[in-house]
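Student: See entry.pdb below, with PDB, C-alpha atoms.
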```pdb
ATOM      1  CA  MET A 264      21.212  59.459  42.442
ATOM      2  CA  SER A 265      23.617  56.932  43.663
ATOM      3  CA  SER A 266      20.845  55.256  45.651
ATOM      4  CA  LEU A 267      18.789  54.707  42.461
ATOM      5  CA  GLN A 268      21.688  53.091  40.668
ATOM      6  CA  ASN A 269      22.262  50.718  43.536
ATOM      7  CA  THR A 270      18.673  49.383  43.402
ATOM      8  CA  GLU A 271      18.849  48.641  39.676
ATOM      9  CA  GLN A 272      21.944  46.482  39.868
ATOM     10  CA  GLY A 273      21.315  42.833  38.776
ATOM     11  CA  SER A 274      18.016  43.390  36.903
ATOM     12  CA  SER A 275      19.664  42.688  33.553
ATOM     13  CA  LEU A 276      20.996  39.410  34.969
ATOM     14  CA  VAL A 277      17.488  38.343  36.013
ATOM     15  CA  ILE A 278      16.056  39.273  32.590
ATOM     16  CA  ALA A 279      18.883  37.407  30.832
ATOM     17  CA  LEU A 280      18.220  34.292  32.976
ATOM     18  CA  ILE A 281      14.473  34.389  32.211
ATOM     19  CA  VAL A 282      15.146  34.699  28.458
ATOM     20  CA  LEU A 283      17.709  31.872  28.665
ATOM     21  CA  PHE A 284      15.192  29.661  30.492
ATOM     22  CA  ILE A 285      12.484  30.345  27.868
ATOM     23  CA  LEU A 286      14.872  29.596  24.982
ATOM     24  CA  THR A 287      16.030  26.383  26.673
ATOM     25  CA  ALA A 288      12.401  25.232  27.136
ATOM     26  CA  LEU A 289      11.627  25.989  23.475
ATOM     27  CA  GLY A 290      14.733  24.067  22.376
ATOM     28  CA  LEU A 291      13.719  21.018  24.434
ATOM     29  CA  MET A 292      10.187  21.109  22.987
ATOM     30  CA  VAL A 293      11.552  21.277  19.430
ATOM     31  CA  ALA A 294      13.863  18.301  20.133
ATOM     32  CA  ASP A 295      10.933  16.305  21.553
ATOM     33  CA  VAL A 296       8.721  17.049  18.532
ATOM     34  CA  THR A 297      11.593  16.059  16.232
ATOM     35  CA  ASP A 298      12.000  12.711  18.012
ATOM     36  CA  ILE A 299       8.267  12.034  17.752
ATOM     37  CA  ASN A 300       8.267  12.860  14.042
ATOM     38  CA  ILE A 301      11.202  10.508  13.473
ATOM     39  CA  MET A 302       9.318   7.700  15.243
ATOM     40  CA  ILE A 303       6.169   8.395  13.206
ATOM     41  CA  ALA A 304       8.161   8.280   9.966
ATOM     42  CA  ALA A 305       9.846   5.006  10.999
ATOM     43  CA  ASN A 306       6.494   3.410  11.861
ATOM     44  CA  ASP A 307       5.061   4.552   8.537
ATOM     45  CA  ARG A 308       8.059   3.100   6.692
ATOM     46  CA  ASP A 309       7.730  -0.217   8.557
ATOM     47  CA  ALA A 310       3.994  -0.430   7.821
ATOM     48  CA  LYS A 311       4.576   0.230   4.115
ATOM     49  CA  ASN A 312       7.381  -2.347   4.007
ATOM     50  CA  ALA A 313       5.133  -4.899   5.704
ATOM     51  CA  LEU A 314       2.386  -4.349   3.139
ATOM     52  CA  ILE A 315       4.830  -4.542   0.221
ATOM     53  CA  HIS A 316       6.351  -7.796   1.538
ATOM     54  CA  ALA A 317       2.934  -9.350   2.211
ATOM     55  CA  ASP A 318       1.779  -8.376  -1.265
ATOM     56  CA  SER A 319       4.869  -9.884  -2.872
ATOM     57  CA  GLY A 320       4.344 -13.011  -0.771
ATOM     58  CA  VAL A 321       0.801 -13.473  -2.051
ATOM     59  CA  ASN A 322       2.131 -13.160  -5.624
ATOM     60  CA  VAL A 323       4.688 -15.897  -4.907
ATOM     61  CA  GLY A 324       1.913 -17.981  -3.358
ATOM     62  CA  HIS A 325      -0.205 -17.556  -6.467
ATOM     63  CA  GLU A 326       2.671 -18.775  -8.647
ATOM     64  CA  ILE A 327       3.275 -21.804  -6.399
ATOM     65  CA  LEU A 328      -0.445 -22.633  -6.452
ATOM     66  CA  GLU A 329      -0.635 -22.311 -10.212
ATOM     67  CA  ALA A 330       2.451 -24.516 -10.693
ATOM     68  CA  ASN A 331       0.957 -27.184  -8.398
ATOM     69  CA  LEU A 332      -2.314 -27.179 -10.312
ATOM     70  CA  GLU A 333      -0.594 -27.376 -13.719
ATOM     71  CA  GLN A 334       1.411 -30.415 -12.599
ATOM     72  CA  ASN A 335      -1.576 -32.039 -10.804
ATOM     73  CA  GLN A 336       0.337 -32.044  -7.525
ATOM     74  CA  PRO A 337      -1.103 -31.572  -4.059
ATOM     75  CA  LEU A 338      -1.153 -27.999  -2.858
ATOM     76  CA  ALA A 339       2.262 -27.105  -1.438
ATOM     77  CA  LEU A 340       0.658 -24.135   0.305
ATOM     78  CA  CYS A 341      -1.823 -26.265   2.185
ATOM     79  CA  ASN A 342      -0.835 -28.455   5.083
ATOM     80  CA  GLU A 343      -3.614 -31.000   5.446
ATOM     81  CA  ASN A 344      -2.878 -31.416   9.144
ATOM     82  CA  LEU A 345      -4.425 -28.246  10.514
ATOM     83  CA  ALA A 346      -4.577 -29.549  14.061
ATOM     84  CA  GLY A 347      -3.938 -26.098  15.499
ATOM     85  CA  LEU A 348      -7.223 -24.768  14.125
ATOM     86  CA  PRO A 349     -10.244 -25.962  16.101
ATOM     87  CA  SER A 350     -12.748 -25.465  13.262
ATOM     88  CA  CYS A 351     -10.745 -27.546  10.734
ATOM     89  CA  PRO A 352     -11.174 -31.294  10.528
ATOM     90  CA  ALA A 353      -7.996 -33.260   9.922
ATOM     91  CA  GLY A 354      -7.073 -33.919   6.296
ATOM     92  CA  THR A 355      -8.702 -30.823   4.794
ATOM     93  CA  CYS A 356      -7.430 -27.892   2.761
ATOM     94  CA  ASP A 357     -10.597 -25.877   3.302
ATOM     95  CA  ALA A 358      -9.792 -22.160   3.470
ATOM     96  CA  ALA A 359     -13.069 -21.505   5.286
ATOM     97  CA  CYS A 360     -11.363 -22.892   8.416
ATOM     98  CA  TRP A 361      -8.985 -19.964   8.667
ATOM     99  CA  THR A 362     -10.525 -17.062   6.735
ATOM    100  CA  ASN A 363     -11.831 -15.392   9.902
ATOM    101  CA  GLN A 364      -8.553 -15.550  11.793
ATOM    102  CA  THR A 365      -7.163 -12.155  12.670
ATOM    103  CA  VAL A 366      -3.657 -10.826  12.217
ATOM    104  CA  ALA A 367      -3.314 -10.777  16.001
ATOM    105  CA  SER A 368      -3.751 -14.577  16.187
ATOM    106  CA  PHE A 369      -0.617 -15.201  14.082
ATOM    107  CA  ASN A 370       2.005 -17.554  15.478
ATOM    108  CA  ALA A 371       5.250 -17.911  13.498
ATOM    109  CA  SER A 372       6.010 -21.316  15.002
ATOM    110  CA  ASP A 373       2.669 -22.751  13.837
ATOM    111  CA  ASN A 374       3.944 -24.725  10.847
ATOM    112  CA  ALA A 375       0.666 -26.624  10.583
ATOM    113  CA  SER A 376      -1.314 -23.658   9.300
ATOM    114  CA  TRP A 377       1.561 -21.745   7.637
ATOM    115  CA  PRO A 378       3.356 -24.428   5.577
ATOM    116  CA  ILE A 379       5.649 -22.131   3.548
ATOM    117  CA  SER A 380       7.896 -19.427   4.937
ATOM    118  CA  LEU A 381      10.174 -17.146   2.922
ATOM    119  CA  TYR A 382      13.066 -14.919   3.962
ATOM    120  CA  THR A 383      12.685 -15.695   7.647
ATOM    121  CA  ASN A 384      14.968 -14.454  10.394
ATOM    122  CA  GLY A 385      13.582 -15.347  13.785
ATOM    123  CA  SER A 386       9.904 -14.464  13.597
ATOM    124  CA  THR A 387      10.489 -11.901  10.833
ATOM    125  CA  GLY A 388       9.528 -13.183   7.397
ATOM    126  CA  ILE A 389       6.788 -13.981   4.897
ATOM    127  CA  TYR A 390       4.426 -16.859   5.719
ATOM    128  CA  LEU A 391       2.098 -18.373   3.094
ATOM    129  CA  ARG A 392      -0.885 -20.673   3.019
ATOM    130  CA  ALA A 393      -3.684 -21.464   0.598
ATOM    131  CA  GLY A 394      -6.838 -23.464   0.543
ATOM    132  CA  GLN A 395      -9.890 -24.223  -1.493
ATOM    133  CA  PHE A 396     -12.636 -21.707  -0.787
ATOM    134  CA  SER A 397     -15.500 -22.733  -3.084
ATOM    135  CA  GLN A 398     -16.244 -24.590  -6.291
ATOM    136  CA  GLY A 399     -18.954 -24.754  -8.924
ATOM    137  CA  LEU A 400     -19.860 -25.009 -12.567
ATOM    138  CA  VAL A 401     -19.243 -22.415 -15.244
ATOM    139  CA  VAL A 402     -22.102 -22.419 -17.686
ATOM    140  CA  GLY A 403     -21.719 -21.284 -21.283
ATOM    141  CA  GLY A 404     -22.816 -17.704 -21.695
ATOM    142  CA  ALA A 405     -23.351 -17.541 -25.462
ATOM    143  CA  ILE A 406     -24.645 -19.678 -28.272
ATOM    144  CA  GLN A 407     -22.097 -22.389 -28.927
ATOM    145  CA  MET A 408     -20.539 -22.297 -32.341
ATOM    146  CA  GLY A 409     -20.400 -25.480 -34.386
ATOM    147  CA  ALA A 410     -16.739 -24.913 -35.036
ATOM    148  CA  GLY A 411     -14.657 -22.208 -33.427
ATOM    149  CA  TYR A 412     -11.269 -21.071 -34.581
ATOM    150  CA  GLU A 413      -9.686 -24.219 -33.208
ATOM    151  CA  GLY A 414     -12.372 -26.695 -34.251
ATOM    152  CA  VAL A 415     -15.568 -28.202 -32.865
ATOM    153  CA  GLY A 416     -16.175 -27.526 -29.183
ATOM    154  CA  LYS A 417     -13.425 -24.934 -28.794
ATOM    155  CA  SER A 418     -15.663 -21.889 -28.534
ATOM    156  CA  ALA A 419     -15.455 -19.493 -25.608
ATOM    157  CA  ALA A 420     -18.846 -20.538 -24.272
ATOM    158  CA  LYS A 421     -18.206 -24.203 -23.630
ATOM    159  CA  GLY A 422     -18.506 -23.995 -19.825
ATOM    160  CA  GLY A 423     -16.616 -26.127 -17.311
ATOM    161  CA  SER A 424     -15.958 -26.185 -13.591
ATOM    162  CA  PHE A 425     -14.146 -23.759 -11.331
ATOM    163  CA  VAL A 426     -12.447 -23.813  -7.972
ATOM    164  CA  VAL A 427     -11.850 -20.645  -5.985
ATOM    165  CA  TYR A 428      -8.649 -20.700  -3.944
ATOM    166  CA  LEU A 429      -7.702 -18.298  -1.202
ATOM    167  CA  VAL A 430      -4.005 -17.489  -0.854
ATOM    168  CA  ARG A 431      -2.997 -15.638   2.313
ATOM    169  CA  SER A 432       0.378 -14.042   2.888
ATOM    170  CA  HIS A 433       1.382 -12.816   6.323
ATOM    171  CA  TYR A 434       4.457 -10.683   6.946
ATOM    172  CA  GLU A 435       6.031 -10.151  10.350
ATOM    173  CA  GLY A 436       8.507  -7.298  10.265
ATOM    174  CA  ASP A 437      10.783  -5.289  12.465
ATOM    175  CA  ARG A 438       9.425  -3.374  15.427
ATOM    176  CA  ALA A 439       6.133  -5.328  15.492
ATOM    177  CA  SER A 440       5.084  -4.306  11.981
ATOM    178  CA  ARG A 441       2.801  -6.850  10.358
ATOM    179  CA  ALA A 442       0.462  -7.128   7.415
ATOM    180  CA  GLU A 443      -1.707  -9.745   5.746
ATOM    181  CA  VAL A 444      -2.840  -9.825   2.146
ATOM    182  CA  ASP A 445      -5.476 -12.215   0.770
ATOM    183  CA  LEU A 446      -5.811 -13.212  -2.855
ATOM    184  CA  GLY A 447      -8.914 -14.945  -4.152
ATOM    185  CA  TRP A 448      -8.037 -16.844  -7.307
ATOM    186  CA  ARG A 449     -10.530 -18.641  -9.519
ATOM    187  CA  HIS A 450      -9.093 -21.595 -11.428
ATOM    188  CA  VAL A 451     -11.314 -22.655 -14.339
ATOM    189  CA  ASN A 452     -11.119 -26.237 -15.594
ATOM    190  CA  TYR A 453     -12.351 -26.863 -19.137
TER
END
```
Would you encode the structure as structure tokens?
Tutor:
Amino acid sequence: MSSLQNTEQGSSLVIALIVLFILTALGLMVADVTDINIMIAANDRDAKNALIHADSGVNVGHEILEANLEQNQPLALCNENLAGLPSCPAGTCDAACWTNQTVASFNASDNASWPISLYTNGSTGIYLRAGQFSQGLVVGGAIQMGAGYEGVGKSAAKGGSFVVYLVRSHYEGDRASRAEVDLGWRHVNY
């Protein structure tokens, strides 16, 4: 019997080491998955922040554009020297020159095509531009009344002209997060 006991010595140590190795491997895998999930959550947060900032930037751009039009001032959001854009002739605020540009072609130091920047820190910040996209005539859509509520010619169907402006807001954020939001705004002149 003593010979059988001698051959079984150390088997519990081997089993304990195998179980310890398996538990260590599982612990390392759980830590790795946790790190990946933290990175995914951070990227999601940065992407949402970028979209929120770009959206708020386009709202600010709309207000600046509207204030310029009310005061008959040149567009503050449009730099008429778009030398950095090959399809734009000098002295134009035509949004068709830059509507097809991608987010990847953004350059924060290009002040010619991004005339207004907000809350910048290095390349991080909101960059705005606007331009005229199209224009035309608004025709009256109903029979004109001889006298509306406000007098002759003040009915809702009097027609006029319109200009469609494109306001683009680009946000460069932390950890290479970026977003662009476009706003098409139709300004009707009566």
Student: Show me the residues around (4.9, -21.2, 3.3) - criterion: an atom at most 6 Å away, only C-alpha atoms counted - as a VMD selection string.
Tutor: chain A and resid 340 377 to 380 390 to 392
Student: Separation of CA of Ser397 (chain A) and CA of Asp318 (chain A), in Å?
Tutor: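 Separation between CA of Ser397 (chain A) and CA of Asp318 (chain A): 22.5 Å.
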Student: Excluding Gly385 (chain A) and residues on its chain fewer than 2 positions from it, collect all residues at most 12 Å away from it, counting all atoms listed in the file, and give them as a ChimeraX atom specification.
Tutor: /A:370-372,380-383,387-389,435-437
Student: Expanded to explicit residues, what is the PyMOL selection byres ((chain A and resi 439) around 12) for this file, as a compact mmCIF listing (two decimals) with C-alpha atoms, keeping the file's coordinate frame?
Tutor:
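Dumped everything to part18.txt:
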```
# COMPACT_ATOMS: atom_id res chain seq x y z
CA ALA A 305 9.85 5.01 11.00
CA ASN A 306 6.49 3.41 11.86
CA ASP A 309 7.73 -0.22 8.56
CA ALA A 310 3.99 -0.43 7.82
CA ASN A 312 7.38 -2.35 4.01
CA ALA A 313 5.13 -4.90 5.70
CA VAL A 366 -3.66 -10.83 12.22
CA ALA A 367 -3.31 -10.78 16.00
CA SER A 386 9.90 -14.46 13.60
CA THR A 387 10.49 -11.90 10.83
CA GLY A 388 9.53 -13.18 7.40
CA TYR A 434 4.46 -10.68 6.95
CA GLU A 435 6.03 -10.15 10.35
CA GLY A 436 8.51 -7.30 10.26
CA ASP A 437 10.78 -5.29 12.46
CA ARG A 438 9.43 -3.37 15.43
CA SER A 440 5.08 -4.31 11.98
CA ARG A 441 2.80 -6.85 10.36
CA ALA A 442 0.46 -7.13 7.42
```
Student: Every residue with an atom at most 10 Å from (-20.2, -25.4, -12.7) (file coordinates; all atoms listed in the file) is what I'm after, so could you write them as a compact mmCIF listing (two decimals) with C-alpha atoms, keeping the file's coordinate frame?
Tutor:
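Final output, saved to out04.txt:
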```txt
# COMPACT_ATOMS: atom_id res chain seq x y z
CA GLN A 398 -16.24 -24.59 -6.29
CA GLY A 399 -18.95 -24.75 -8.92
CA LEU A 400 -19.86 -25.01 -12.57
CA VAL A 401 -19.24 -22.42 -15.24
CA VAL A 402 -22.10 -22.42 -17.69
CA GLY A 403 -21.72 -21.28 -21.28
CA GLY A 422 -18.51 -24.00 -19.82
CA GLY A 423 -16.62 -26.13 -17.31
CA SER A 424 -15.96 -26.18 -13.59
CA PHE A 425 -14.15 -23.76 -11.33
CA VAL A 426 -12.45 -23.81 -7.97
CA VAL A 451 -11.31 -22.66 -14.34
CA ASN A 452 -11.12 -26.24 -15.59
```
Student: Just the number, please: distance in Å from CA of Ile281 (chain A) to CA of Asp298 (chain A), one decimal.
Tutor: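 Between CA of Ile281 (chain A) and CA of Asp298 (chain A) the gap works out to 26.0 Å.
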Student: Go through A:Thr297, A:Ser275, A:Ser319, A:Asn384 and flag the residue nearest Ser432 (chain A), using all atoms listed in the file for the distances.
Tutor: A:Ser319
Student: For CA of Val430 (chain A) and CA of Asn363 (chain A), quote the distance in Å rounded to one decimal.
Tutor: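 So the two atoms, CA of Val430 (chain A) and CA of Asn363 (chain A), lie 13.5 Å apart.
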Student: Taking all atoms listed in the file into account, which of A:His316, A:Arg431, A:His325, A:Arg308 comes nearest Val444 (chain A)?
Tutor: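 Comparing A:His316, A:Arg431, A:His325, A:Arg308 against Val444 (chain A), the winner is A:Arg431.
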